[in-house]
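Structure first, then comments.
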Amino acid sequence: MENENYSLQFLANETSAKYFADCDFALRAGKHIQHYGSDAKLWDYISDHYEPLSLYYQHLFGVFLRKESNDRDIYFFLEFPEDGSGKFTGDRHRLMDDRHLIIAILLLNIYKERYFDSKEVKWAQIEQVIEESEHKELWQKVLYGEVKRNYTPNEKEEMKRRFERSLSLFERLGWIHWVDYEATHFEIMPSIDRVARLYANEITNVELMSEYIHEQLP
Amino acid sequence: MQKQQLERISATFDILLPQNKEIFLLLVTLQSKIDRLEIEDPFTQRDFEDAVDEVAHVLHPGHATQKENISKKLSQFYYTTLKKGNEYRYQLTVFARDLVRIIMNEVEPQFEETELIHTFRRTLQLKEDDLRSIRNFEYWHNYHYEPSKRIILAHTENLQRLVEARTSDLRTLLKTDINNTKELITRFISIFEELGRQTEGLTETMNFKLEIIDMIKAAEQNFLDKKESWEVYTRIRSEVEKFFDNIDFRVLSINDRIQLSTSRLKTLYDTLQYKQLFKLKIEKFLVFLLKNSRWTEEGVVLPENIKPRKIPYFREKYIKIPNLNFTDVVPRDVPELEEDAEYKKLKEMMNMRVLNRQEAISKWLESLGKQIESGKDVVYEDCFQAIYNEEKNLEVPIDVCFGLIQKYGRSKDVEIIIDKSQVIKAKDDLSTWKMKIIHSSS
């Protein structure tokens with residue numbers, strides 16, 4: 001494809017030799033790259049080569065390299081065009097699972113609630129939401145399948161395992177960072193904001209959707 | 001020693017730390033009246049009784065208080081009695097004053113005084129004379145450094161608590177039903193900026209520590225001559241260094257918190273309305289998802305109007321043996337056996353025929369065997385016909401024939417003779433060998 005604005009010249013420089021491959025693997029795996037921990041160097045690299053990298057992904061993969069910010073924290077990620085997924089066909093993309101979405105919105109809500117506080121979350125705090133919050137019965141219905149007074153240790157363990165599977169996906173996407181994996185202790189990262197962007201339309205029109213659902217009910 | 005101490009504290013505990021709040025409030029009231037010069041120090045019996053009434057009025061309006069009882073409880077640790085002229089007067093003990101100061105500092109930290117640098121320059125100041133001998137250095141440690149350390153610690157603890165309390169108050173800002181939120185934010189910004197100034201005051205104090213530590217390090221050679229002096233010097237030096245390191249870390253962490261909150265408050269000021277609404281909508285969306293999702297065997301299913309979004313996903317795939325958890329396996333019902341009656345009947349008939357044939361073969365073999373053993377010769381040509389006539393099954397005489405050959409073929413007592421000449425005329429379209437079994441002796 002000929003394009004006078006498009007050039008792969010940037011790949012020839014020394015920093016590209018050092019960081020491009022890691023960036024590319026991470027972005028293509030769906031990761032949101034933030035200035036945090038070992039990703040800070042990748043963030044610096046993308047930040048310095050944002051323009052040529054954007055063109056690279058757009059021309060060769062048919063996707064967009066995006067730069068978004070949550071308050072002052074900037075993060076990078078690959079986004080599909082509205083009507084497709086570029087070269088990310090077949091098993092190169094996945095759909096956000098229904099359970100993953102509910103848990104992601106929960107984490108987003110916690111993140112926004114803690115505007116001034118630490119974003120670290122321990123499993124006990126998640127349990128508190130499921131067992132003691134205002135909507136505990138709705139949570140139990142969604143996570144256990146039924147509302148009961150008590151759940152057996154096996155049922156609790158199974159529910160925790162399912163929840164952790166979602167957290168592991170979020171960790172790969174860069175939405176959370178494990179503080180202590182064994183203790184299910186993690187920190188919600190600014191890029192959790194991407195969930196709000198992915199579902200911005202639904203969030204903005206939540207009242208309309210509720211009305212629609214009620215109208216559909218017999 | 002420790003046991004004796006514990007026993008002493010235990011024995012006097014009730015009067016050492018009075019078990020009701022009236023007494024604490026009374027001490028605070030008396031001390032603040034003295035500070036404000038409303039009463040003299042030492043104070044009179046009348047002053048004491050007035051203070052008791054004031055506290056009683058706050059705690060139990062309309063109730064009488066037993067003043068003698070309170071006075072008795074306080075007499076041992078909290079005040080001393082002095083004679084001034086013709087009257088007796090009371091003076092709060094140092095213990096009582098310290099207790100009041102500690103309580104007041106917890107309730108209302110005196111942050112106006114956090115410009116500690118001036119106090120420290122006076123109390124923590126290390127002069128050359130303090131480092132001339134180990135005795136002077138120990139004196140400085142006990143009477144200048146230790147009290148200053150207590151004050152620094154108390155102020156950092158208070159500051160930390162205050163920052164946490166203010167940060168926790170900030171959460172209310174994101175609720176939409178607060179009136180004049182922007183004014184509230186402005187107030188919070190000024191509170192946090194004031195806290196920031198307090199931290200700067202502490203940081204300045206921390207810088208002062210460098211001078212102290214440098215001076216202590218420089219005086220090292222003064223204590224090299226005696227082992228005891230050197231040990232005391234190194235102990236104090238290491239303690240001072242450790243304390244300042246610890247405080248440095250705490251002040252930095254408080255400062256970070258303040259800076260973060262201040263900058264977020266400023267950002268919030270500009271985008272408040274949008275943020276409040278969006279936060280509220282996220283919460284609504286979460287409740288919407290929870291209320292309208294269904295649970296199925298496959299897991300949670302969202303309402304139909306929520307379309308799943310695509311995200312890049314590219315992972316190396318490894319072939320892995322599936323991890324089967326047999327404890328979760330639900331046993332399936334074994335299906336009922338479907339029987340084909342016609343086939344079963346056919347099979348039974350066939351089996352019965354085989355059984356009958358075997359039985360007939362055995363019966364004939366036994367009968368012919370008896371004949372042979374009784375010394376009779378057997379002309380099988382005749383027997384063949386007889387067996388066939390009776391059994392109406394050709395297989396029976398053939399199998400009996402083979403059975404006889406098998407049994408007597410190698411026998412020395414009998415001989416099997418088979419006439420191999422061609423049979424001209426077959427009877428009933430059946431040709432057989434002419435076989436005889438005769439005894440060898442005949």
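Note on naming: chains are A, B, ... as they come in the structure tokens, residues start from 1 per chain, ligands start from 1 in the order shown.
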
Would you write out, as JSON lines, a table of all residues in chain B that have an atom no more than 9 Å from an atom of chain A, listing for each the closest atom pair and the distance in Å to one decimal, considering only C-alpha atoms and ordering rows by chain and rising residue number?
{"residue": "B:Thr167", "atom": "CA", "partner": "A:Phe116", "partner_atom": "CA", "distance": 6.5}
{"residue": "B:Ser168", "atom": "CA", "partner": "A:Asp117", "partner_atom": "CA", "distance": 8.0}
{"residue": "B:Leu170", "atom": "CA", "partner": "A:Phe116", "partner_atom": "CA", "distance": 7.2}
{"residue": "B:Arg171", "atom": "CA", "partner": "A:Glu113", "partner_atom": "CA", "distance": 7.2}
{"residue": "B:Leu174", "atom": "CA", "partner": "A:Glu113", "partner_atom": "CA", "distance": 7.9}
{"residue": "B:Arg257", "atom": "CA", "partner": "A:Asp117", "partner_atom": "CA", "distance": 8.6}
{"residue": "B:Leu260", "atom": "CA", "partner": "A:Phe116", "partner_atom": "CA", "distance": 7.6}
{"residue": "B:Ser261", "atom": "CA", "partner": "A:Phe116", "partner_atom": "CA", "distance": 5.9}
{"residue": "B:Arg264", "atom": "CA", "partner": "A:Phe116", "partner_atom": "CA", "distance": 7.2}
{"residue": "B:Leu265", "atom": "CA", "partner": "A:Phe116", "partner_atom": "CA", "distance": 8.6}
{"residue": "B:Thr267", "atom": "CA", "partner": "A:Asp71", "partner_atom": "CA", "distance": 7.7}
{"residue": "B:Lys275", "atom": "CA", "partner": "A:Lys112", "partner_atom": "CA", "distance": 9.0}
{"residue": "B:Phe278", "atom": "CA", "partner": "A:Thr204", "partner_atom": "CA", "distance": 7.6}
{"residue": "B:Lys279", "atom": "CA", "partner": "A:Lys112", "partner_atom": "CA", "distance": 6.6}
{"residue": "B:Lys281", "atom": "CA", "partner": "A:Ile203", "partner_atom": "CA", "distance": 5.9}
{"residue": "B:Ile282", "atom": "CA", "partner": "A:Ile203", "partner_atom": "CA", "distance": 6.0}
{"residue": "B:Glu283", "atom": "CA", "partner": "A:Asn109", "partner_atom": "CA", "distance": 6.4}
{"residue": "B:Lys284", "atom": "CA", "partner": "A:Val206", "partner_atom": "CA", "distance": 6.9}
{"residue": "B:Phe285", "atom": "CA", "partner": "A:Ile203", "partner_atom": "CA", "distance": 5.7}
{"residue": "B:Leu286", "atom": "CA", "partner": "A:Ile105", "partner_atom": "CA", "distance": 6.2}
{"residue": "B:Val287", "atom": "CA", "partner": "A:His135", "partner_atom": "CA", "distance": 7.8}
{"residue": "B:Phe288", "atom": "CA", "partner": "A:Ser210", "partner_atom": "CA", "distance": 6.9}
{"residue": "B:Leu289", "atom": "CA", "partner": "A:Ile102", "partner_atom": "CA", "distance": 6.8}
{"residue": "B:Leu290", "atom": "CA", "partner": "A:Leu138", "partner_atom": "CA", "distance": 5.7}
{"residue": "B:Lys291", "atom": "CA", "partner": "A:Leu138", "partner_atom": "CA", "distance": 6.3}
{"residue": "B:Asn292", "atom": "CA", "partner": "A:Ile213", "partner_atom": "CA", "distance": 8.2}
{"residue": "B:Ser293", "atom": "CA", "partner": "A:Val142", "partner_atom": "CA", "distance": 7.1}
{"residue": "B:Arg294", "atom": "CA", "partner": "A:Val142", "partner_atom": "CA", "distance": 7.1}
{"residue": "B:Trp295", "atom": "CA", "partner": "A:Gly145", "partner_atom": "CA", "distance": 5.4}
{"residue": "B:Thr296", "atom": "CA", "partner": "A:Gly145", "partner_atom": "CA", "distance": 7.6}
{"residue": "B:Glu297", "atom": "CA", "partner": "A:Gly145", "partner_atom": "CA", "distance": 8.9}
{"residue": "B:Gly299", "atom": "CA", "partner": "A:Arg99", "partner_atom": "CA", "distance": 7.6}
{"residue": "B:Val300", "atom": "CA", "partner": "A:Arg99", "partner_atom": "CA", "distance": 5.8}
{"residue": "B:Val301", "atom": "CA", "partner": "A:Asp98", "partner_atom": "CA", "distance": 6.0}
{"residue": "B:Leu302", "atom": "CA", "partner": "A:Asp98", "partner_atom": "CA", "distance": 5.9}
{"residue": "B:Pro303", "atom": "CA", "partner": "A:Ile213", "partner_atom": "CA", "distance": 8.3}
{"residue": "B:Asn305", "atom": "CA", "partner": "A:Met209", "partner_atom": "CA", "distance": 7.6}
{"residue": "B:Ile306", "atom": "CA", "partner": "A:Glu202", "partner_atom": "CA", "distance": 7.5}
{"residue": "B:Pro308", "atom": "CA", "partner": "A:Met96", "partner_atom": "CA", "distance": 5.6}
{"residue": "B:Arg309", "atom": "CA", "partner": "A:Leu95", "partner_atom": "CA", "distance": 5.5}
{"residue": "B:Lys310", "atom": "CA", "partner": "A:Leu95", "partner_atom": "CA", "distance": 4.5}
{"residue": "B:Ile311", "atom": "CA", "partner": "A:Arg94", "partner_atom": "CA", "distance": 5.6}
{"residue": "B:Pro312", "atom": "CA", "partner": "A:His93", "partner_atom": "CA", "distance": 4.3}
{"residue": "B:Tyr313", "atom": "CA", "partner": "A:His93", "partner_atom": "CA", "distance": 4.3}
{"residue": "B:Phe314", "atom": "CA", "partner": "A:Ala29", "partner_atom": "CA", "distance": 4.5}
{"residue": "B:Arg315", "atom": "CA", "partner": "A:Ala29", "partner_atom": "CA", "distance": 6.4}

Written selection (N, CA and C atoms) as a short mmCIF file (atom, residue, chain, number, x, y, z; two decimals), in the first residue's frame:
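Saved as part_26.cif:
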data_model
loop_
_atom_site.label_atom_id
_atom_site.label_comp_id
_atom_site.auth_asym_id
_atom_site.auth_seq_id
_atom_site.Cartn_x
_atom_site.Cartn_y
_atom_site.Cartn_z
N THR B 167 -9.74 13.43 53.82
CA THR B 167 -9.86 12.67 52.56
C THR B 167 -11.16 11.88 52.56
N SER B 168 -11.49 11.33 53.73
CA SER B 168 -12.72 10.55 53.81
C SER B 168 -13.93 11.48 53.59
N LEU B 170 -14.03 13.93 51.70
CA LEU B 170 -14.08 14.32 50.29
C LEU B 170 -15.02 13.45 49.46
N ARG B 171 -15.24 12.20 49.92
CA ARG B 171 -16.10 11.30 49.14
C ARG B 171 -17.48 11.89 48.94
N LEU B 174 -18.77 13.78 45.62
CA LEU B 174 -19.25 13.19 44.36
C LEU B 174 -20.73 12.85 44.42
N ARG B 257 -0.09 12.28 49.83
CA ARG B 257 -1.55 12.21 49.96
C ARG B 257 -2.17 13.60 49.79
N LEU B 260 -1.84 14.84 46.15
CA LEU B 260 -2.77 14.13 45.27
C LEU B 260 -4.19 14.70 45.44
N SER B 261 -4.61 14.83 46.71
CA SER B 261 -5.97 15.32 46.96
C SER B 261 -6.13 16.74 46.46
N ARG B 264 -6.32 16.73 42.67
CA ARG B 264 -7.60 16.15 42.21
C ARG B 264 -8.75 17.11 42.48
N LEU B 265 -8.68 17.79 43.62
CA LEU B 265 -9.73 18.75 43.94
C LEU B 265 -9.79 19.84 42.87
N THR B 267 -8.82 19.58 39.75
CA THR B 267 -9.38 19.02 38.51
C THR B 267 -10.89 18.88 38.66
N LYS B 275 -18.67 14.76 36.14
CA LYS B 275 -18.20 13.61 36.91
C LYS B 275 -19.29 13.06 37.81
N PHE B 278 -21.84 11.29 35.61
CA PHE B 278 -21.31 10.06 35.02
C PHE B 278 -21.18 8.97 36.07
N LYS B 279 -20.70 9.36 37.25
CA LYS B 279 -20.55 8.40 38.36
C LYS B 279 -21.92 7.81 38.70
N LYS B 281 -24.45 7.56 36.73
CA LYS B 281 -24.92 6.72 35.63
C LYS B 281 -24.23 5.36 35.66
N ILE B 282 -22.96 5.34 36.03
CA ILE B 282 -22.24 4.04 36.13
C ILE B 282 -22.93 3.18 37.18
N GLU B 283 -23.26 3.81 38.30
CA GLU B 283 -23.93 3.07 39.37
C GLU B 283 -25.27 2.52 38.89
N LYS B 284 -26.01 3.35 38.16
CA LYS B 284 -27.32 2.94 37.63
C LYS B 284 -27.14 1.79 36.63
N PHE B 285 -26.10 1.91 35.81
CA PHE B 285 -25.85 0.88 34.80
C PHE B 285 -25.54 -0.46 35.48
N LEU B 286 -24.77 -0.40 36.57
CA LEU B 286 -24.42 -1.62 37.30
C LEU B 286 -25.70 -2.27 37.85
N VAL B 287 -26.55 -1.45 38.45
CA VAL B 287 -27.80 -1.99 39.01
C VAL B 287 -28.68 -2.53 37.88
N PHE B 288 -28.68 -1.82 36.75
CA PHE B 288 -29.47 -2.28 35.59
C PHE B 288 -28.99 -3.68 35.15
N LEU B 289 -27.67 -3.85 35.07
CA LEU B 289 -27.12 -5.14 34.66
C LEU B 289 -27.49 -6.23 35.66
N LEU B 290 -27.37 -5.89 36.95
CA LEU B 290 -27.66 -6.89 37.99
C LEU B 290 -29.14 -7.29 37.96
N LYS B 291 -30.00 -6.28 37.78
CA LYS B 291 -31.44 -6.56 37.83
C LYS B 291 -31.93 -7.35 36.62
N ASN B 292 -31.32 -7.10 35.46
CA ASN B 292 -31.88 -7.65 34.23
C ASN B 292 -31.08 -8.82 33.64
N SER B 293 -30.08 -9.29 34.37
CA SER B 293 -29.32 -10.43 33.87
C SER B 293 -29.96 -11.72 34.37
N ARG B 294 -29.78 -12.77 33.58
CA ARG B 294 -30.33 -14.07 33.96
C ARG B 294 -29.19 -15.03 34.25
N TRP B 295 -29.47 -16.01 35.06
CA TRP B 295 -28.50 -17.06 35.35
C TRP B 295 -28.91 -18.31 34.59
N THR B 296 -28.02 -18.85 33.79
CA THR B 296 -28.31 -20.10 33.09
C THR B 296 -27.22 -21.12 33.42
N GLU B 297 -27.37 -22.31 32.87
CA GLU B 297 -26.36 -23.35 33.09
C GLU B 297 -24.98 -22.88 32.63
N GLY B 299 -23.93 -19.84 32.66
CA GLY B 299 -23.47 -18.67 33.43
C GLY B 299 -24.43 -17.51 33.28
N VAL B 300 -23.88 -16.30 33.50
CA VAL B 300 -24.73 -15.10 33.47
C VAL B 300 -25.05 -14.71 32.02
N VAL B 301 -26.29 -14.30 31.79
CA VAL B 301 -26.65 -13.80 30.45
C VAL B 301 -27.22 -12.39 30.62
N LEU B 302 -26.62 -11.44 29.92
CA LEU B 302 -27.03 -10.04 30.03
C LEU B 302 -28.32 -9.79 29.26
N PRO B 303 -29.01 -8.68 29.56
CA PRO B 303 -30.19 -8.34 28.78
C PRO B 303 -29.83 -8.19 27.29
N ASN B 305 -30.43 -6.07 25.03
CA ASN B 305 -30.00 -4.80 24.43
C ASN B 305 -28.56 -4.41 24.79
N ILE B 306 -27.85 -5.27 25.50
CA ILE B 306 -26.41 -5.03 25.74
C ILE B 306 -25.63 -5.93 24.79
N PRO B 308 -22.27 -7.46 23.26
CA PRO B 308 -20.88 -7.62 23.71
C PRO B 308 -19.90 -6.90 22.79
N ARG B 309 -18.83 -6.36 23.37
CA ARG B 309 -17.83 -5.63 22.58
C ARG B 309 -16.61 -6.52 22.32
N LYS B 310 -15.99 -6.23 21.17
CA LYS B 310 -14.80 -7.01 20.80
C LYS B 310 -13.55 -6.34 21.34
N ILE B 311 -12.63 -7.15 21.84
CA ILE B 311 -11.33 -6.61 22.24
C ILE B 311 -10.24 -7.50 21.64
N PRO B 312 -9.07 -6.91 21.34
CA PRO B 312 -8.00 -7.75 20.78
C PRO B 312 -7.64 -8.87 21.76
N TYR B 313 -7.32 -9.99 21.21
CA TYR B 313 -6.96 -11.11 22.06
C TYR B 313 -6.03 -12.00 21.27
N PHE B 314 -4.82 -12.09 21.70
CA PHE B 314 -3.85 -12.85 20.94
C PHE B 314 -2.93 -13.53 21.93
N ARG B 315 -3.13 -14.85 22.06
CA ARG B 315 -2.31 -15.56 23.05
C ARG B 315 -1.73 -16.81 22.44
#

Gap from atom CA of Asp130 of chain B to atom CA of Phe243 of chain B - Å, one decimal: 19.6 Å

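Compared by their closest atoms to Arg101 of chain B, and using only C-alpha atoms, the residues B:Gln31, B:Leu368, B:Leu82, B:Glu128 rank with B:Gln31 nearest.
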
Residues flagged alpha helix (DSSP H) by DSSP in segment 24-150 of chain B, as a PyMOL selection string: chain B and resi 24-35+45-59+67-75+94-107+116-123+134-140+146-150

Exercise: segment 410-416 of chain B partners within 6 Å, only C-alpha atoms, chain neighbours under 5 positions left out, as a list in words: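 Listing them by chain and then by number gives Lys436, Ile437, Ile438, His439 and Ser440 of chain B.
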
Take the residues that were just selected and, keeping C-alpha atoms, output them as a short mmCIF file (atom, residue, chain, number, x, y, z; two decimals), in the first residue's frame.
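The resulting file, again_29.cif, is shown below:
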data_model
loop_
_atom_site.label_atom_id
_atom_site.label_comp_id
_atom_site.auth_asym_id
_atom_site.auth_seq_id
_atom_site.Cartn_x
_atom_site.Cartn_y
_atom_site.Cartn_z
CA LYS B 436 -18.55 -101.12 10.27
CA ILE B 437 -17.10 -101.29 13.71
CA ILE B 438 -16.06 -104.83 14.51
CA HIS B 439 -14.19 -106.37 17.41
CA SER B 440 -10.55 -107.22 16.68
#

Segment 33-44 of chain A environment, 12 Å, only C-alpha atoms, sequence neighbours closer than 2 positions dropped, as a ChimeraX atom specification: /A:15-16,18-31,46-50,65-70,72-78,171-179,187,189-192,194

Shell around segment 351-353 of chain B at 12 Å using only C-alpha atoms, local window under 5 positions removed, as a ChimeraX atom specification: /B:344-346,358-360,391,393,395-396

Neighbour list for Ile236 of chain B as a ChimeraX atom specification, cut-off 12 Å, only C-alpha atoms, skip fewer than 5 positions in-chain: /B:131,134,137-142,145-146,213,216-217,220,229-231,241-243

Nearest to Ser263 of chain B, chosen from B:Phe188, B:Ala219, B:Leu210, B:Ile321, with only C-alpha atoms counted in the distances: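 Nearest candidate to Ser263 of chain B out of B:Phe188, B:Ala219, B:Leu210, B:Ile321: B:Phe188.
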
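When atom CA of Glu158 of chain A is paired with atom CA of Ala124 of chain A, their separation reads 15.9 Å.
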
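Between atom CA of Lys156 of chain A and atom CA of Glu182 of chain A the separation is 16.3 Å.
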
Nearest to Glu127 of chain A, chosen from A:Leu60, A:Ile188, A:Val147, A:Met159, with only C-alpha atoms counted in the distances: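 Closest candidate: A:Met159.
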
Which of B:Glu87, B:Asp328, B:Asp248, B:Asp333 sits closest to Asn154 of chain A [using only C-alpha atoms]: B:Asp328
